[in-house]
Each structure stands twice: as structure tokens, then as C-alpha cells.
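Visitor: The structure file target_17.txt (compact mmCIF, C-alpha atoms and all ligand atoms) is provided below.
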```txt
# COMPACT_ATOMS: atom_id res chain seq x y z
CA MET W 1 -20.53 -5.94 -7.47
CA SER W 2 -21.11 -9.64 -6.74
CA GLY W 3 -18.80 -11.60 -4.44
CA SER W 4 -17.21 -13.44 -7.36
CA GLY W 5 -16.89 -10.18 -9.33
CA ARG W 6 -14.98 -8.67 -6.43
CA ALA W 7 -12.69 -11.70 -6.20
CA GLU W 8 -11.99 -11.42 -9.93
CA ARG W 9 -11.13 -7.72 -9.65
CA LEU W 10 -8.88 -8.38 -6.64
CA LEU W 11 -7.01 -11.12 -8.51
CA GLU W 12 -6.68 -8.89 -11.61
CA THR W 13 -5.16 -6.15 -9.43
CA ALA W 14 -2.74 -8.58 -7.79
CA ARG W 15 -1.64 -9.83 -11.23
CA GLU W 16 -1.27 -6.24 -12.44
CA MET W 17 1.08 -5.56 -9.51
CA ASN W 18 3.41 -8.24 -10.90
CA LEU W 19 3.05 -6.95 -14.49
CA GLN W 20 3.90 -3.42 -13.33
CA GLY W 21 7.06 -4.67 -11.59
CA LEU W 22 5.71 -3.91 -8.11
CA ASN W 23 6.01 -7.54 -7.04
CA ARG W 24 7.89 -10.64 -8.14
CA GLY W 25 7.15 -14.24 -7.31
CA THR W 26 4.72 -14.61 -4.41
CA ALA W 27 5.72 -11.38 -2.60
CA GLY W 28 3.06 -8.79 -1.80
CA ASN W 29 -0.67 -8.92 -1.36
CA ALA W 30 -3.84 -6.94 -1.96
CA SER W 31 -7.26 -6.69 -0.35
CA VAL W 32 -10.62 -5.01 -0.78
CA ARG W 33 -13.17 -3.99 1.85
CA LEU W 34 -16.41 -5.97 2.05
CA ALA W 35 -19.60 -5.06 3.94
CA ASP W 36 -19.99 -5.50 7.72
CA GLY W 37 -16.31 -5.27 8.69
CA ALA W 38 -15.19 -8.13 6.45
CA MET W 39 -12.49 -8.05 3.77
CA LEU W 40 -11.29 -10.11 0.82
CA ILE W 41 -7.53 -10.72 0.57
CA THR W 42 -5.09 -12.60 -1.65
CA PRO W 43 -3.92 -16.02 -0.37
CA SER W 44 -0.54 -16.82 1.17
CA GLY W 45 2.28 -18.31 -0.90
CA LEU W 46 0.43 -18.77 -4.21
CA ARG W 47 1.54 -17.19 -7.47
CA PHE W 48 -1.18 -14.80 -8.64
CA ASP W 49 -0.86 -15.98 -12.25
CA ARG W 50 -1.81 -19.48 -11.06
CA CYS W 51 -4.64 -18.41 -8.73
CA GLU W 52 -8.34 -18.47 -9.45
CA PRO W 53 -10.87 -16.01 -8.03
CA GLY W 54 -11.96 -18.80 -5.64
CA ASP W 55 -8.50 -18.75 -4.03
CA MET W 56 -9.13 -15.27 -2.60
CA VAL W 57 -9.80 -15.43 1.16
CA VAL W 58 -12.68 -13.76 3.04
CA ILE W 59 -11.78 -12.58 6.55
CA ASP W 60 -14.80 -11.73 8.70
CA ALA W 61 -15.20 -8.85 11.16
CA ASP W 62 -13.72 -11.02 13.96
CA GLY W 63 -10.57 -11.74 11.95
CA HIS W 64 -11.51 -15.33 11.09
CA ALA W 65 -10.64 -16.63 7.63
CA GLU W 66 -13.24 -18.48 5.55
CA GLY W 67 -12.50 -20.89 2.72
CA ALA W 68 -9.88 -23.42 1.73
CA ARG W 69 -6.87 -21.12 1.36
CA LYS W 70 -4.73 -19.50 4.04
CA ALA W 71 -4.82 -15.69 3.97
CA SER W 72 -1.71 -13.66 3.20
CA SER W 73 0.64 -13.57 6.20
CA GLU W 74 0.20 -9.76 6.35
CA TRP W 75 -3.60 -9.94 6.73
CA ARG W 76 -3.42 -8.13 10.10
CA ILE W 77 -2.11 -4.95 8.46
CA HIS W 78 -5.07 -4.93 6.06
CA PHE W 79 -7.58 -5.83 8.80
CA ASP W 80 -6.37 -3.12 11.19
CA ILE W 81 -6.27 -0.41 8.48
CA TYR W 82 -9.90 -1.08 7.46
CA ARG W 83 -10.96 -0.82 11.11
CA ALA W 84 -9.06 2.42 11.73
CA ARG W 85 -9.54 4.14 8.37
CA PRO W 86 -13.05 4.61 6.95
CA ASP W 87 -11.43 6.08 3.79
CA ALA W 88 -9.76 2.73 2.99
CA GLY W 89 -11.55 0.75 0.28
CA ALA W 90 -8.56 -1.26 -0.94
CA ILE W 91 -5.02 -1.88 0.33
CA LEU W 92 -1.94 -2.99 -1.56
CA HIS W 93 1.31 -4.24 -0.06
CA ALA W 94 4.36 -4.74 -2.25
CA HIS W 95 8.15 -5.13 -2.25
CA PRO W 96 9.02 -3.02 -5.33
CA PRO W 97 12.73 -2.46 -6.00
CA TYR W 98 13.05 1.31 -5.50
CA ALA W 99 10.66 1.71 -2.56
CA THR W 100 12.21 -1.29 -0.83
CA ALA W 101 15.75 0.02 -1.40
CA LEU W 102 14.73 3.30 0.29
CA ALA W 103 12.87 1.46 3.07
CA CYS W 104 16.15 -0.25 4.02
CA HIS W 105 17.44 3.17 5.11
CA ARG W 106 14.48 3.59 7.50
CA ARG W 107 13.95 7.24 6.57
CA PRO W 108 10.90 9.13 5.31
CA ILE W 109 10.85 10.26 1.66
CA PRO W 110 11.15 14.06 1.88
CA PRO W 111 9.29 16.63 -0.28
CA PHE W 112 11.79 16.44 -3.16
CA HIS W 113 8.91 16.41 -5.71
CA TYR W 114 5.45 17.98 -5.48
CA MET W 115 3.75 14.60 -6.14
CA ILE W 116 4.74 13.50 -2.62
CA ALA W 117 1.67 15.56 -1.62
CA ARG W 118 -0.54 13.05 -3.43
CA PHE W 119 -0.05 10.80 -0.39
CA GLY W 120 -1.52 13.39 1.99
CA GLY W 121 1.35 15.56 3.25
CA ALA W 122 4.95 16.72 2.96
CA ASP W 123 6.55 13.28 3.29
CA VAL W 124 5.95 9.55 3.04
CA ARG W 125 6.93 7.99 6.36
CA CYS W 126 8.74 4.73 7.01
CA ALA W 127 7.19 2.39 9.59
CA ALA W 128 9.53 0.98 12.25
CA TYR W 129 10.93 -2.49 11.60
CA HIS W 130 9.11 -5.51 13.06
CA THR W 131 8.94 -9.14 11.96
CA PHE W 132 6.54 -9.75 9.08
CA GLY W 133 3.07 -10.93 9.98
CA THR W 134 3.17 -9.56 13.55
CA GLN W 135 0.73 -7.28 15.37
CA ALA W 136 3.70 -5.00 16.13
CA LEU W 137 4.30 -4.47 12.40
CA SER W 138 0.61 -3.73 11.88
CA ASP W 139 0.65 -1.16 14.73
CA ALA W 140 3.77 0.52 13.31
CA THR W 141 2.19 0.63 9.84
CA LEU W 142 -0.98 2.33 11.11
CA ASP W 143 1.16 4.86 12.92
CA ALA W 144 3.21 5.66 9.79
CA LEU W 145 -0.02 5.98 7.75
CA ARG W 146 -1.48 8.71 9.98
CA ASP W 147 -2.98 11.35 7.60
CA ARG W 148 -1.32 9.56 4.68
CA SER W 149 -2.34 7.10 2.00
CA ALA W 150 1.05 5.35 1.82
CA CYS W 151 4.10 4.44 3.87
CA LEU W 152 7.30 2.46 3.58
CA LEU W 153 7.96 -0.52 5.89
CA ALA W 154 11.54 -0.58 7.19
CA ASN W 155 13.68 -3.28 5.54
CA HIS W 156 10.56 -4.66 3.89
CA GLY W 157 8.51 -2.70 1.30
CA MET W 158 5.48 -0.39 0.98
CA VAL W 159 1.77 -0.19 1.86
CA VAL W 160 -0.78 1.99 0.04
CA VAL W 161 -4.39 2.74 0.96
CA GLY W 162 -6.80 3.52 -1.88
CA ARG W 163 -10.50 4.36 -2.24
CA ASP W 164 -10.78 1.25 -4.40
CA LEU W 165 -8.47 -1.21 -6.18
CA ASP W 166 -7.81 1.04 -9.20
CA HIS W 167 -6.94 3.99 -6.97
CA GLY W 168 -4.69 1.78 -4.79
CA LEU W 169 -2.87 0.45 -7.85
CA ALA W 170 -2.38 3.97 -9.25
CA LEU W 171 -0.95 5.13 -5.90
CA ALA W 172 1.41 2.15 -5.69
CA ILE W 173 2.74 2.78 -9.21
CA GLU W 174 3.13 6.50 -8.43
CA LEU W 175 4.99 5.85 -5.18
CA GLU W 176 7.41 3.41 -6.82
CA ALA W 177 8.09 5.96 -9.61
CA LEU W 178 8.77 8.67 -7.00
CA CYS W 179 11.14 6.37 -5.12
CA GLN W 180 13.03 5.81 -8.39
CA HIS W 181 13.17 9.59 -9.01
CA TYR W 182 14.41 10.21 -5.47
CA LEU W 183 17.15 7.59 -5.71
CA LEU W 184 18.25 8.98 -9.09
CA SER W 185 18.32 12.55 -7.79
CA ARG W 186 20.47 11.40 -4.83
CA GLN W 187 23.10 10.09 -7.25
CA ILE W 188 24.34 13.66 -7.82
CA GLY W 189 23.96 14.93 -4.26
CA ARG W 190 21.00 16.14 -2.24
CA PRO W 191 17.98 17.40 -4.19
CA VAL W 192 16.49 20.80 -3.29
CA LEU W 193 13.44 20.14 -1.12
CA LEU W 194 10.14 22.01 -1.42
CA ASP W 195 9.35 24.09 1.66
CA GLY W 196 6.30 23.88 3.91
CA THR W 197 4.42 26.65 2.11
CA GLU W 198 5.01 25.09 -1.29
CA MET W 199 3.90 21.65 -0.10
CA ASN W 200 0.83 23.03 1.73
CA GLU W 201 -0.26 24.65 -1.51
CA VAL W 202 -0.01 21.35 -3.39
CA VAL W 203 -1.73 19.38 -0.61
CA ALA W 204 -4.58 21.92 -0.74
CA ARG W 205 -4.81 21.57 -4.53
CA PHE W 206 -4.95 17.80 -4.32
CA GLY W 207 -7.57 17.97 -1.57
CA SER W 208 -7.49 15.75 1.47
CA TYR W 209 -5.85 12.35 1.23
CA GLY W 210 -7.95 9.68 -0.40
CA GLN W 211 -9.47 12.26 -2.74
CA ALA W 212 -6.29 13.36 -4.48
CA ARG W 213 -6.56 14.18 -8.15
CA ASP W 214 -3.77 15.01 -10.55
ZN ZN W 301 5.76 -8.06 2.67
```
Would you mind writing the file's structure down as C-alpha cells?

Guide:
Amino acid sequence: MSGSGRAERLLETAREMNLQGLNRGTAGNASVRLADGAMLITPSGLRFDRCEPGDMVVIDADGHAEGARKASSEWRIHFDIYRARPDAGAILHAHPPYATALACHRRPIPPFHYMIARFGGADVRCAAYHTFGTQALSDATLDALRDRSACLLANHGMVVVGRDLDHGLALAIELEALCQHYLLSRQIGRPVLLDGTEMNEVVARFGSYGQARD
């Protein structure tokens, strides 16, 4: 895909995040991996419905931004994930209502539903709280993403790692739906959790993270 084609797809995905209720206003961001350690990321503080593909920001392998726009304030999280995770082709960060509500409790989402396995294991972890835009938050996010394709960010939102933009968007929608299901099930007590054997079986069926199929 050409550079401008990639920017168009990235912007389409960012707009779709708003349409799907994953983000409101200028919250959240998305990125896609480019060749040679570079990445393309949404700009800071601009509404996606008013952006053009040319507003997307290239960040090179040294972490330097190119172009007229300032990169999203969470660019470090994206940059560090691409360096650490060869399976990452696209990354989405959002503040969706249900995932963010759960993230404010700073607890992992337990195996209350078999689809939790779609994210690589028996839970979806919550990264420790750090100020937005900091290296400390990026480090905590990478830690929470170990062997997983998604995590919550304490008192903040969620991050998902996809093979490509479509996969990342599908994972983000799935995670938000699961967070809604979990919150609903907690309204009438504590849901019965799947055990280790049951979750291992589903993880094996889905295959390793990043290749999950349902
Ligand atoms: Zn954020």
C-alpha cells in the first residue's frame, strides 16, 4: 500500500473508533507500522472527522516526528510496542465507557467468558497508573501486554495490538463488548469463572495471540 493509502486507512480506522462508540471527541489514537522501524500515528488534539490523511504523523525509527502536525501524546506507547512486539502491525488506544469504568478499579478482567482467551490468555491485565504521555506509562503498558493483545490502563482506558488495522479494530470492539458483559454480570453478584483447564482449551483453539480466529 502507498504512503497516502496507509494514511487514509489509518484515518478511516480512527473515525470508525468514534462511530463504534470507542472514542468521543479527540480522545484516543491509532497507529500502523511502517517499514524500517517507523510508524504512522494520528495527530494530537484534532477531531478525526475534521482531519485529512495528510494530518497523520510519521515517526521515524529514532522517535522523531515528521510533518506539520504534532503526534498523539501517547506516541511512546505505540513506538515501544512496535519495537518490542514483532506481531504488532497496528495499535489502537481508546477510552471507551465500559473498559474505562473497569480500568478505574485497577483489576484484571477475569475469565468470566471464553472470549477473554481471544486476547491471548486467561485474563486481560490492567497496567499500573502513570501520567498520560510518560515513559513510565509506556513501560507499564508493555508489561501488562506480555503474551496478550490487549490491556486496560488504570484510570485511563484500553490498548489493543492487532496484526493490522482491521484486526486491531475488531479486537477493540470485542474487548469493549466483553467489558460491558462483565459489568452487567457483576450487577447480580460474582459471575462463575472458567477454570484454567477450560481457558487453556479455548486459548489452544484460538491459537497463539495475534492469530486468534473465532
Ligand atoms: Zn488516553

Visitor: Could you make a table, as CSV, of the residues of stretch 23-110 of chain W that have an atom within 12 Å of an atom of stretch 196-210 of chain W, each with its nearest atom pair and distance in Å to one decimal, counting all atoms listed in the file, in chain and number order?

Guide:
```
residue,atom,partner,partner_atom,distance
W:Arg85,CA,W:Gly210,CA,10.5
W:Pro86,CA,W:Gly210,CA,10.3
W:Asp87,CA,W:Gly210,CA,6.5
W:Ala88,CA,W:Gly210,CA,7.9
W:Gly89,CA,W:Gly210,CA,9.7
W:Ala90,CA,W:Gly210,CA,11.0
W:Ile91,CA,W:Gly210,CA,11.9
W:Pro110,CA,W:Met199,CA,10.7
```

Visitor: Let me have all residues with an atom within 7 Å of ligand ZN 301 (chain W), counting all atoms listed in the file, laid out as a PyMOL selection string.

Guide: chain W and resi 27-28+74+93-95+132+156-157

Visitor: Out of W:Gly63, W:Pro97, W:Gly25, W:Gly189, which residue has the shortest atom-to-atom distance to W:Ser44 when counting only C-alpha atoms?

Guide: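 Smallest distance to W:Ser44 is found for W:Gly25.
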
Visitor: Between atom CA of W:Leu171 and atom CA of W:Lys70, what is the distance in Å, rounded to a tenth?

Guide: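 Between atom CA of W:Leu171 and atom CA of W:Lys70 the gap is 26.8 Å.
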
Visitor: Find the residue from W:Ser149, W:Asn155, W:Asn23, W:Thr131 that sits nearest to W:Arg106; use all atoms listed in the file when measuring.

Guide: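 Using all atoms listed in the file, the shortest distance to W:Arg106 belongs to W:Asn155.
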
Visitor: With distances taken over all atoms listed in the file, which residue among W:Leu92, W:Cys104, W:Ile173, W:Ala14 lies nearest W:Tyr129?

Guide: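 Looking only at the distances to W:Tyr129, the closest residue turns out to be W:Cys104.
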
Visitor: Can you list, as a ChimeraX atom specification, every protein, DNA or RNA residue that comes within 9 Å of W:Leu183 when you count only C-alpha atoms, leaving out same-chain residues fewer than 5 positions away?

Guide: /W:98,101-102,178

Visitor: When you count all atoms listed in the file, which of these residues is closest to W:Arg76: W:Met56, W:Ala136, W:Leu153, W:Leu184?

Guide: W:Ala136

Visitor: Which of these, W:Arg69, W:His64, W:His113, W:Arg15, has the shortest distance to W:Phe48 once you count only C-alpha atoms?

Guide: W:Arg15

Visitor: From the set W:Ile59, W:Ala144, W:Met158, W:Leu194, which residue has the shortest atom-to-atom contact distance to W:Ala122, counting only C-alpha atoms?

Guide: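 Using only C-alpha atoms, W:Ala122 sits closest to W:Leu194.
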
Visitor: Which residues come within 7 Å of W:Ser73, counting only C-alpha atoms, excluding same-chain residues fewer than 2 positions away, as a PDB file with C-alpha atoms, keeping the file's coordinate frame?

Guide:
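Everything below was put into selection_17.pdb:
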```pdb
ATOM      1  CA  SER W  44      -0.540 -16.820   1.170  1.00  0.00           C
ATOM      2  CA  ALA W  71      -4.820 -15.690   3.970  1.00  0.00           C
ATOM      3  CA  TRP W  75      -3.600  -9.940   6.730  1.00  0.00           C
ATOM      4  CA  GLY W 133       3.070 -10.930   9.980  1.00  0.00           C
TER       5      GLY W 133
END
```

Visitor: I'd like the interatomic distance between atom CA of W:Val160 and atom CA of W:Pro111, to a tenth of an Å.

Guide: 17.8 Å

Visitor: Using atom CA of W:Asp123 and atom CA of W:Arg148 as the two end points, give the distance in Å to one decimal.

Guide: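 Atom CA of W:Asp123 sits 8.8 Å away from atom CA of W:Arg148.
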
Visitor: List the spatial neighbours of W:Ala150 as a list in words - criterion: any atom at most 7 Å away, all atoms listed in the file, same-chain residues fewer than 6 positions off excluded.

Guide: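 The residues satisfying every condition are Phe119, Val124, Val159, Val160 and Val161 of chain W.
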
Visitor: What's the 10 Å shell around W:Leu40, counting all atoms listed in the file, without same-chain residues fewer than 5 positions away, as a PyMOL selection string?

Guide: chain W and resi 3+6-7+10+30-34+56-60+65-66+71+75+78-79+90

Visitor: Counting all atoms listed in the file, write as a count of residues only all protein and nucleic acid residues lying at most 12 Å from (0.3, 2.1, 14.2) in the file's frame.

Guide: 27
